[in-house]
Each structure stands twice: as structure tokens, then as C-alpha cells.
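Colleague: Provided below: final.txt, containing compact mmCIF, C-alpha atoms.
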# COMPACT_ATOMS: atom_id res chain seq x y z
CA MET A 1 27.06 8.76 8.34
CA GLN A 2 24.94 8.96 11.43
CA PHE A 3 22.74 6.02 12.28
CA PHE A 4 19.16 7.06 12.84
CA GLY A 5 17.17 4.76 15.10
CA GLY A 6 13.73 4.78 16.66
CA SER A 7 10.33 4.82 15.15
CA GLU A 8 9.80 8.53 15.59
CA ILE A 9 11.48 10.64 12.99
CA SER A 10 14.81 11.59 14.44
CA PRO A 11 16.79 13.80 14.69
CA SER A 12 14.05 16.28 15.51
CA PRO A 13 13.78 18.90 12.79
CA PRO A 14 16.23 21.76 13.12
CA VAL A 15 14.86 25.18 14.01
CA PRO A 16 14.16 27.26 10.89
CA THR A 17 16.76 29.93 10.36
CA ALA A 18 14.47 32.63 9.01
CA SER A 19 10.83 33.14 8.29
CA GLY A 20 9.07 32.94 4.97
CA ASN A 21 9.25 30.59 2.06
CA ASN A 22 12.90 30.32 1.18
CA ALA A 23 13.21 27.06 -0.70
CA TYR A 24 13.21 27.04 -4.47
CA MET A 25 13.69 23.44 -5.58
CA LEU A 26 14.48 19.96 -4.29
CA TYR A 27 16.04 17.10 -6.24
CA VAL A 28 16.65 13.54 -5.09
CA PHE A 29 18.82 11.28 -7.23
CA ASN A 30 19.85 7.72 -6.72
CA ARG A 31 23.25 6.26 -7.38
CA ASN A 32 22.56 5.67 -11.07
CA GLY A 33 21.41 9.18 -11.83
CA VAL A 34 17.71 8.41 -11.87
CA CYS A 35 15.84 11.43 -10.59
CA LEU A 36 13.65 10.01 -7.85
CA LEU A 37 12.04 13.25 -6.83
CA TYR A 38 11.82 16.78 -8.14
CA ARG A 39 9.85 19.40 -6.23
CA GLU A 40 9.70 23.08 -6.88
CA TRP A 41 8.23 25.81 -4.78
CA ASN A 42 9.54 28.92 -6.39
CA ARG A 43 11.18 28.80 -9.80
CA PRO A 44 10.28 31.76 -12.01
CA LEU A 45 12.61 30.90 -14.89
CA LYS A 46 12.79 27.47 -16.49
CA THR A 47 15.28 27.15 -19.30
CA LEU A 48 15.45 23.40 -20.06
CA ASN A 49 12.93 20.63 -20.27
CA SER A 50 12.79 18.59 -17.10
CA HIS A 51 14.70 15.58 -18.41
CA GLN A 52 17.63 17.73 -19.52
CA ASP A 53 17.43 19.72 -16.33
CA HIS A 54 17.79 16.57 -14.24
CA LYS A 55 20.70 15.33 -16.31
CA LEU A 56 22.40 18.70 -16.03
CA MET A 57 21.99 18.78 -12.27
CA PHE A 58 23.28 15.25 -11.81
CA GLY A 59 26.24 15.86 -14.09
CA LEU A 60 27.07 19.13 -12.39
CA LEU A 61 27.23 17.55 -8.97
CA PHE A 62 29.12 14.54 -10.17
CA SER A 63 31.81 16.80 -11.63
CA LEU A 64 31.85 19.17 -8.68
CA LYS A 65 32.33 16.34 -6.23
CA SER A 66 35.16 14.95 -8.27
CA LEU A 67 36.83 18.32 -8.72
CA THR A 68 36.62 19.33 -5.07
CA ALA A 69 38.02 15.99 -3.96
CA LYS A 70 40.95 16.24 -6.35
CA MET A 71 41.78 19.79 -5.33
CA ASP A 72 41.85 18.94 -1.65
CA PRO A 73 45.15 20.28 -0.26
CA THR A 74 45.02 18.13 2.85
CA CYS A 75 44.50 14.77 1.20
CA VAL A 76 47.49 12.61 0.34
CA ASP A 77 46.01 9.99 -1.91
CA LYS A 78 44.57 11.37 -5.12
CA GLY A 79 43.69 9.40 -8.21
CA ASN A 80 43.60 10.94 -11.64
CA LEU A 81 40.94 13.47 -12.44
CA GLY A 82 37.96 11.64 -13.87
CA VAL A 83 38.25 8.48 -11.79
CA PRO A 84 34.81 8.03 -10.19
CA GLN A 85 34.82 8.36 -6.43
CA LEU A 86 32.85 6.24 -4.01
CA PRO A 87 30.47 8.10 -1.71
CA GLY A 88 32.40 9.23 1.31
CA GLN A 89 35.80 8.96 -0.34
CA GLY A 90 37.77 12.15 -0.30
CA CYS A 91 36.45 15.39 1.08
CA SER A 92 32.72 16.02 0.80
CA PHE A 93 31.45 19.10 -0.91
CA HIS A 94 28.29 20.43 0.70
CA SER A 95 27.12 23.71 -0.74
CA PHE A 96 27.79 26.57 -3.08
CA ARG A 97 26.31 30.02 -3.14
CA THR A 98 25.75 32.56 -5.87
CA ASN A 99 24.20 36.01 -5.69
CA THR A 100 20.76 34.59 -6.55
CA TYR A 101 20.64 31.16 -4.87
CA LYS A 102 22.36 28.72 -2.58
CA LEU A 103 22.61 25.04 -3.43
CA THR A 104 23.09 22.54 -0.60
CA PHE A 105 24.04 18.96 -1.36
CA MET A 106 24.16 15.77 0.64
CA GLU A 107 25.14 12.28 -0.42
CA SER A 108 24.43 9.18 1.60
CA PRO A 109 26.76 6.16 1.61
CA SER A 110 24.20 4.34 -0.53
CA GLY A 111 24.52 6.97 -3.24
CA ILE A 112 21.28 8.86 -2.61
CA LYS A 113 21.91 12.52 -3.42
CA ILE A 114 19.69 15.24 -2.01
CA ILE A 115 19.94 18.72 -3.45
CA LEU A 116 18.12 21.71 -2.05
CA VAL A 117 18.20 25.09 -3.76
CA THR A 118 17.28 28.00 -1.55
CA HIS A 119 17.53 31.73 -1.03
CA PRO A 120 21.17 32.88 -0.90
CA ARG A 121 20.97 34.10 2.67
CA THR A 122 19.94 30.71 4.07
CA GLY A 123 22.10 29.29 6.83
CA ASP A 124 23.75 25.90 6.97
CA LEU A 125 21.22 23.33 5.77
CA ARG A 126 23.18 20.12 6.29
CA GLU A 127 21.09 19.07 9.29
CA SER A 128 17.94 19.76 7.30
CA LEU A 129 19.13 17.55 4.48
CA LYS A 130 19.86 14.79 6.97
CA TYR A 131 16.32 15.13 8.23
CA ILE A 132 14.96 14.87 4.68
CA TYR A 133 17.08 11.78 4.17
CA ASN A 134 15.56 10.32 7.31
CA LEU A 135 12.08 11.06 5.94
CA TYR A 136 13.12 9.27 2.75
CA VAL A 137 14.17 6.19 4.74
CA GLU A 138 11.00 6.14 6.83
CA TYR A 139 8.39 6.78 4.17
CA VAL A 140 9.95 5.56 0.93
CA VAL A 141 12.47 2.84 1.66
CA LYS A 142 10.25 1.23 4.27
CA ASN A 143 7.17 1.49 2.09
CA PRO A 144 6.35 -1.98 0.75
CA LEU A 145 4.56 -0.47 -2.22
CA TYR A 146 7.64 1.35 -3.50
CA SER A 147 10.08 -0.36 -5.86
CA PRO A 148 13.65 0.97 -5.50
CA GLY A 149 15.04 2.82 -8.46
CA THR A 150 11.72 4.21 -9.61
CA PRO A 151 10.50 7.79 -9.17
CA ILE A 152 8.98 8.32 -5.75
CA ARG A 153 5.21 8.39 -5.70
CA CYS A 154 4.43 8.12 -2.00
CA GLN A 155 1.82 10.44 -0.65
CA LEU A 156 3.09 10.43 2.95
CA PHE A 157 6.59 11.34 1.84
CA ASP A 158 5.34 14.11 -0.43
CA THR A 159 3.24 15.76 2.25
CA THR A 160 5.84 15.55 5.03
CA VAL A 161 8.63 16.88 2.83
CA ASP A 162 6.43 19.67 1.56
CA GLN A 163 5.41 20.65 5.07
CA TYR A 164 8.97 20.52 6.34
CA VAL A 165 10.56 22.49 3.52
CA ARG A 166 7.91 25.18 3.68
CA GLY A 167 8.69 25.56 7.36
CA LEU A 168 12.40 25.87 6.72
CA GLY A 169 12.30 29.55 6.07
CA MET B 1 12.65 -8.64 31.02
CA GLY B 2 12.46 -9.75 27.42
CA ARG B 3 15.14 -9.29 24.85
CA GLU B 4 14.47 -6.73 22.16
CA VAL B 5 14.64 -6.82 18.40
CA SER B 6 15.01 -3.93 15.99
CA GLU B 7 11.68 -2.67 14.73
CA SER B 8 13.08 -1.93 11.28
CA CYS B 9 14.22 -5.52 10.98
CA LEU B 10 10.81 -6.83 11.95
CA GLU B 11 8.97 -4.56 9.52
CA SER B 12 11.35 -5.39 6.70
CA LEU B 13 10.88 -9.09 7.41
CA LEU B 14 7.09 -8.78 7.29
CA THR B 15 7.25 -6.78 4.07
CA GLU B 16 9.49 -9.42 2.56
CA ILE B 17 7.19 -12.26 3.66
CA VAL B 18 4.25 -10.66 1.88
CA SER B 19 6.35 -9.83 -1.13
CA SER B 20 7.87 -13.27 -1.56
CA TYR B 21 4.56 -15.06 -1.06
CA CYS B 22 2.68 -12.79 -3.43
CA ASN B 23 5.30 -12.44 -6.13
CA GLY B 24 7.31 -15.61 -5.69
CA PHE B 25 5.72 -18.70 -4.26
CA TYR B 26 2.12 -18.11 -5.20
CA ALA B 27 2.60 -15.60 -7.93
CA ASN B 28 -0.79 -15.83 -9.60
CA LYS B 29 -2.80 -17.15 -6.71
CA PRO B 30 -3.35 -14.34 -4.23
CA GLU B 31 -5.90 -16.34 -2.25
CA LEU B 32 -3.40 -19.12 -1.57
CA ALA B 33 -0.74 -16.58 -0.65
CA ALA B 34 -3.18 -14.91 1.72
CA ARG B 35 -4.06 -18.22 3.35
CA ARG B 36 -0.39 -19.14 3.85
CA ILE B 37 0.43 -15.75 5.37
CA GLU B 38 -2.59 -15.97 7.62
CA ALA B 39 -1.51 -19.44 8.73
CA ILE B 40 1.91 -18.13 9.68
CA GLY B 41 0.19 -15.40 11.68
CA PHE B 42 -1.96 -18.03 13.33
CA GLN B 43 1.09 -19.89 14.64
CA VAL B 44 2.67 -16.67 15.84
CA GLY B 45 -0.50 -15.54 17.60
CA HIS B 46 -0.84 -18.94 19.23
CA GLN B 47 2.60 -18.74 20.77
CA LEU B 48 2.38 -15.06 21.68
CA SER B 49 -0.87 -15.51 23.58
CA GLU B 50 0.77 -18.33 25.52
CA ARG B 51 3.55 -15.99 26.52
CA TYR B 52 1.41 -12.99 27.39
CA THR B 53 -1.21 -14.79 29.49
CA ILE B 54 1.32 -16.52 31.65
CA ASP B 55 0.31 -15.14 35.03
CA ARG B 56 -3.34 -14.46 34.41
CA PRO B 57 -6.43 -16.36 35.50
CA ARG B 58 -8.68 -18.01 32.95
CA PHE B 59 -10.97 -15.70 30.98
CA THR B 60 -14.59 -15.95 32.00
CA ASP B 61 -16.20 -15.13 28.68
CA HIS B 62 -15.60 -13.96 25.13
CA LEU B 63 -15.75 -10.30 26.04
CA GLU B 64 -12.97 -10.69 28.60
CA ALA B 65 -10.81 -12.40 26.03
CA ILE B 66 -11.45 -9.67 23.47
CA LYS B 67 -10.65 -7.02 26.04
CA PHE B 68 -7.38 -8.78 26.76
CA ILE B 69 -6.58 -8.68 23.05
CA CYS B 70 -7.47 -5.00 22.84
CA LYS B 71 -5.50 -3.89 25.86
CA ASP B 72 -2.65 -6.09 27.01
CA PHE B 73 -1.95 -8.10 23.89
CA TRP B 74 -2.01 -5.11 21.60
CA SER B 75 0.20 -3.11 23.98
CA GLU B 76 2.77 -5.87 24.04
CA LEU B 77 2.80 -6.09 20.27
CA PHE B 78 2.36 -2.49 19.18
CA LYS B 79 2.98 -0.38 22.31
CA LYS B 80 -0.54 0.98 22.19
CA GLN B 81 -4.07 -0.24 22.78
CA ILE B 82 -6.90 -0.68 20.35
CA ASP B 83 -8.59 2.70 19.93
CA ASN B 84 -12.16 1.60 19.46
CA LEU B 85 -14.07 -1.59 20.11
CA LYS B 86 -17.54 -2.13 18.71
CA THR B 87 -19.83 -5.12 18.88
CA ASN B 88 -23.17 -6.14 17.53
CA HIS B 89 -23.80 -8.34 20.57
CA ARG B 90 -24.29 -11.27 18.25
CA GLY B 91 -20.76 -12.57 18.13
CA THR B 92 -19.07 -9.95 15.95
CA PHE B 93 -16.49 -7.53 17.32
CA VAL B 94 -14.80 -4.74 15.41
CA LEU B 95 -11.38 -3.68 16.70
CA GLN B 96 -10.30 -0.37 15.30
CA ASP B 97 -6.74 0.90 15.40
CA ASN B 98 -6.35 4.46 14.20
CA GLN B 99 -2.62 4.29 13.64
CA PHE B 100 -1.68 0.72 12.90
CA ARG B 101 2.05 0.50 13.44
CA TRP B 102 2.85 -1.89 10.60
CA LEU B 103 1.03 0.32 8.09
CA ALA B 104 2.57 3.58 9.28
CA HIS B 105 5.19 3.70 6.52
CA MET B 106 2.88 2.75 3.70
CA SER B 107 1.36 5.20 1.30
CA VAL B 108 -0.02 4.96 -2.18
CA ASP B 109 0.56 7.02 -5.32
CA PRO B 110 -1.15 10.33 -5.14
CA SER B 111 -3.95 10.18 -7.71
CA ARG B 112 -2.99 11.53 -11.08
CA ASP B 113 -5.19 14.56 -11.50
CA ALA B 114 -4.17 15.47 -15.05
CA SER B 115 -4.86 12.08 -16.62
CA ALA B 116 -7.05 12.66 -19.61
CA SER B 117 -7.45 8.95 -20.27
CA VAL B 118 -10.40 6.78 -19.35
CA GLN B 119 -11.41 6.47 -15.71
CA ASP B 120 -10.64 2.75 -15.74
CA PRO B 121 -6.82 2.82 -15.54
CA SER B 122 -6.78 5.08 -12.50
CA ALA B 123 -9.48 3.03 -10.81
CA MET B 124 -7.56 -0.13 -11.56
CA ALA B 125 -4.37 1.36 -10.20
CA GLU B 126 -6.15 2.39 -7.03
CA ASN B 127 -7.64 -1.08 -6.75
CA LYS B 128 -4.23 -2.68 -7.03
CA ALA B 129 -2.90 -0.38 -4.35
CA VAL B 130 -5.76 -1.29 -2.03
CA GLN B 131 -5.21 -4.96 -2.77
CA ALA B 132 -1.49 -4.68 -2.12
CA THR B 133 -2.12 -2.95 1.18
CA GLY B 134 -4.70 -5.57 2.08
CA MET B 135 -2.15 -8.35 1.67
CA HIS B 136 -0.17 -6.89 4.53
CA LEU B 137 -3.08 -7.28 6.89
CA TYR B 138 -3.39 -11.05 6.67
CA PHE B 139 -0.54 -11.56 9.08
CA PRO B 140 -2.08 -9.49 11.91
CA CYS B 141 -5.44 -11.13 11.24
CA GLY B 142 -3.78 -14.49 11.71
CA ILE B 143 -2.17 -13.31 14.92
CA ILE B 144 -5.53 -12.33 16.39
CA ARG B 145 -7.12 -15.57 15.26
CA GLY B 146 -4.26 -17.64 16.71
CA ALA B 147 -4.35 -15.79 20.01
CA LEU B 148 -8.10 -16.21 20.39
CA SER B 149 -8.06 -19.85 19.41
CA ASN B 150 -5.39 -20.53 22.00
CA LEU B 151 -7.70 -18.97 24.57
CA GLY B 152 -10.31 -21.51 23.55
CA ILE B 153 -12.35 -19.30 21.22
CA PRO B 154 -12.39 -20.34 17.58
CA CYS B 155 -13.22 -17.44 15.33
CA ALA B 156 -12.70 -15.84 11.95
CA VAL B 157 -10.87 -12.55 11.54
CA SER B 158 -10.87 -10.23 8.58
CA ALA B 159 -9.52 -6.74 8.08
CA ASP B 160 -10.83 -3.62 6.48
CA ILE B 161 -8.82 -0.58 5.46
CA SER B 162 -11.06 2.26 4.51
CA ASP B 163 -8.35 4.85 5.09
CA LEU B 164 -4.69 4.38 5.80
CA PRO B 165 -3.30 4.19 8.42
CA ALA B 166 -6.43 3.38 10.38
CA CYS B 167 -7.65 -0.17 10.03
CA GLU B 168 -10.32 -2.39 11.49
CA PHE B 169 -10.17 -6.04 12.40
CA ILE B 170 -13.52 -7.78 12.34
CA THR B 171 -13.73 -10.82 14.57
CA SER B 172 -16.70 -13.10 14.36
CA PHE B 173 -17.29 -15.97 16.72
CA THR B 174 -19.23 -19.08 16.00
CA PHE B 175 -21.64 -19.60 18.83
CA GLN B 176 -22.04 -23.03 20.30
CA ILE B 177 -25.54 -23.81 21.38
Hey, can you dump this file as C-alpha cells for me?
Modeller:
Amino acid sequence: MQFFGGSEISPSPPVPTASGNNAYMLYVFNRNGVCLLYREWNRPLKTLNSHQDHKLMFGLLFSLKSLTAKMDPTCVDKGNLGVPQLPGQGCSFHSFRTNTYKLTFMESPSGIKIILVTHPRTGDLRESLKYIYNLYVEYVVKNPLYSPGTPIRCQLFDTTVDQYVRGLG
Amino acid sequence: MGREVSESCLESLLTEIVSSYCNGFYANKPELAARRIEAIGFQVGHQLSERYTIDRPRFTDHLEAIKFICKDFWSELFKKQIDNLKTNHRGTFVLQDNQFRWLAHMSVDPSRDASASVQDPSAMAENKAVQATGMHLYFPCGIIRGALSNLGIPCAVSADISDLPACEFITSFTFQI
């Protein structure tokens, strides 16, 4: 995991890969599965209530991470399927794409999971997710008024993330 | 050339000072917590002004001392100068910083627009947020007061945050006749 230093937000935001509003939804979970942030920009069809939706998303990624790590052909040491993996252990799954959307995932060593659902033709968003994680550190973790483990209600974070994701294209 | 310390460490330490004084040592006595934090700031300001005036001649009057605080002292502490200085020419100076570094990461809950309940809970919540933010300003107030008192100018300093992240420090001198 890169170490981000400096008081300015770094790394500088990556150049948007296309124009227009490509992002559909953003989820941020902590290590215990609490959904810290859910933002949507473009979601025409909602099938579940939000609580179930968050649980489904968290469970999906938990299983996917585990499955991809166990199926890794290059890794020697594999536990049994179902043994929970520490962040960073095993190979790291980062995105999947369907014909209607692309889901990009990033997990920090502290267990913070960031999920961004976008248009299927979006490029590699890993740098963008790292930037969003850096925004999280600057405006949420360092905010004295925020208590860890609770849903994020920080105005600065909300506006910067919104601005950044809209510019992603 | 001075040694450097990580800014994140310093900010986390200050946050923790406020938090442990307000929620731990003086849990139900915010005035006492504020006074203790301000006293710590006073000591720090005292020593910092000693360090930063080391090669300078004595200040001729109060305005020179305040200008030192606004320019050199603030640049050493926050890498920028005070943006606006106002005075009423009767011993009160208002130092305004439009982007106070130690408040840069703080933000409050966005107001709940769909709350159908009484106005009071949202007003109370906003009040608590303002109060919590205000607690973080006692330390810089103490720093200014300590610095000025070390320069031979006893004063009282208070802070006002009308809108984050800009804040104003109001310094009032007691005139000696």
C-alpha cells in the first residue's frame, strides 16, 4: 500500500478517461461490514432496500475475494475455502465487468473497502480509487468530529468526492 | 535549520488533546477543559515566541508586535500569513485567517433537509458541532496569548468561527495609563 504524505491531496487526480457522467454508485465499507458511505449518481433500477443492498454488496465482495485468492494458480500456500483472509493476503481482486456495468474494488490494509460501479467501457480505475481513499483519510479520518465506525457525515468529504467522481467520465 | 515533524502527527496530537480533555479529564466541565487547553497553548506560545524572535530587535509598540504575529510568527507555524488584520484603534485587533490549517480537515454533518421533526433537534445538533469546533480553537488562542505576553504585552485572545475554515482571533489589550 502506497504511503501518501503531504498536506495537499496526493497523488494528483488521474486524468479522466472519457467525458460525461460515467459513475453509477459508490460504496465504502469498513472492516466490520458497516456501510460508511453510499452515493449514487445514476441507478435507474433499485431492487432491494438499502440495508439489504449493502449487505449483499459486502457479502459478494467478501466471497469474491476469498474465491479469487483460493483459485490463484501461482500461489503456493492456500488455506481451505472459507477461511477468512487478511487484507493483502493472497492475490487481490480488483474489478469485474458485465455487459451493463463495471465494478472496481479496492481494499486498504486497514480493511476499508471502496467500491465504484461505472459504465462498462470505463478504463482502469485503481488509481482513482486510491485517490478516493486519500480523500477519505484527509477529510474523514483526520476530522476530529467523526467517530470511526459510524456512517460518514462530513460535508467536505461529500463535496470533494462528488466533484471528483463526476469529473471521472 | 530546524528539525521537522510530521504534520499528521501534530494534528492528530492536537485532536487527541482536545478530545481527552473534553471527554476524559473534564468531561462535564467544558469551561475548565477550555482553560486547561488554553493554558497549554500559552506555554507553547511563550516558548515559540522566544525561538522566533531570536535575532530581532525589540518591538517598539503593540502594532509592531501584532504585525510580527501576523507575518513571521504565523508563517513559521502555518506556512502562511494572516490574511486580514483589523483594528478599532482602541486596543482590539482582529486577525483573520481564511484557511486555518488546523481546521482544514474538519467539517460538520450536512444539515438534514428531510427532517420533519421539530426545529430544535437540528438546531441543537448544529450548536454542538459549533461548540465542538470551537474547542479546537482554544489552543491557538493560547499560543497567541503566550507569544504576546512573552513580548511584554498582556492581552486576552478569543476566537470566532462564523464559517469554516476561516476563523478570526480577537486580541484585546489592556491599556496602561
Colleague: Please return, as an NGL selection string, all residues of chain B lying within 12 Å of chain A when only C-alpha atoms are considered.
Modeller: :B and (5-20 or 78-79 or 101-112 or 128-136 or 164-165)
Colleague: Which residue is closest to Phe73 in chain B? Choose from B:Phe173, B:Phe42, B:Phe100, B:Tyr52 and count all atoms listed in the file.
Modeller: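 Answer, going by the shortest atom-to-atom distance: B:Tyr52.
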Colleague: Hey, can you check how far CA of Phe139 in chain B sits from CA of Leu77 in chain B?
Modeller: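 These atoms are spaced 12.9 Å apart.
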Colleague: Between CA of Asn98 in chain B and CA of Asp72 in chain B, what distance in Å does the model show, to one decimal?
Modeller: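 Straight-line distance from CA of Asn98 in chain B to CA of Asp72 in chain B works out to 17.0 Å.
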Colleague: Rounded to one decimal place, report the CA of Val44 in chain B-CA of Ile143 in chain B distance in Å.
Modeller: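 Those two atoms sit 6.0 Å apart.
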Colleague: Excluding range 106-119 of chain A and any residue of its chain fewer than 3 positions from it, enumerate the residues within 6 Å of it, using all atoms listed in the file, and give them as a list in words.
Modeller: Asn22, Ala23, Tyr24, Met25, Leu26, Tyr27, Val28, Phe29, Asn30, Arg31, Pro87, Tyr101, Lys102, Leu103 and Thr122 of chain A
Colleague: Calculated over all atoms listed in the file, which of the candidates A:Lys65, A:Lys70, A:Arg121, A:Lys46 has the smallest distance to Phe105 in chain A?
Modeller: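 Closest to Phe105 in chain A, using all atoms listed in the file: A:Lys65.
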Colleague: Ranking A:Thr47, A:Ser92, A:Thr159, A:Thr150 by minimum distance to Ala69 in chain A and counting only C-alpha atoms, which one comes first?
Modeller: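 Once distances to Ala69 in chain A are computed over only C-alpha atoms, the minimum belongs to A:Ser92.
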Colleague: From the list B:Asn150, B:Gly142, B:Asn88, B:Ala156, which residue is nearest Arg36 in chain B when using all atoms listed in the file?
Modeller: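 Ranked by minimum distance to Arg36 in chain B, first place goes to B:Gly142.
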Colleague: Choose the residue, out of A:Pro148, A:Val165, A:Leu86, A:Leu45, that has the smallest atom-to-atom separation from Leu135 in chain A; count all atoms listed in the file.
Modeller: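 For Leu135 in chain A, the nearest of the candidates is A:Val165.
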Colleague: Check the smallest atom-to-atom distance from each of B:Leu151, B:Gln43, B:Asn84, B:Ser75 to Phe59 in chain B using all atoms listed in the file, then report the winner.
Modeller: B:Leu151
Colleague: List the neighbours of Thr92 in chain B out to 12 Å using all atoms listed in the file; skip same-chain residues closer than 5 positions along the sequence, and give me the result as a list in words.
Modeller: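 Final neighbour list, sorted by chain and number: His62, Leu63, Ile66, Leu85, Lys86, Thr87, Cys155, Ala156, Val157, Ser158, Phe169, Ile170, Thr171, Ser172, Phe173, Thr174 and Phe175 of chain B.
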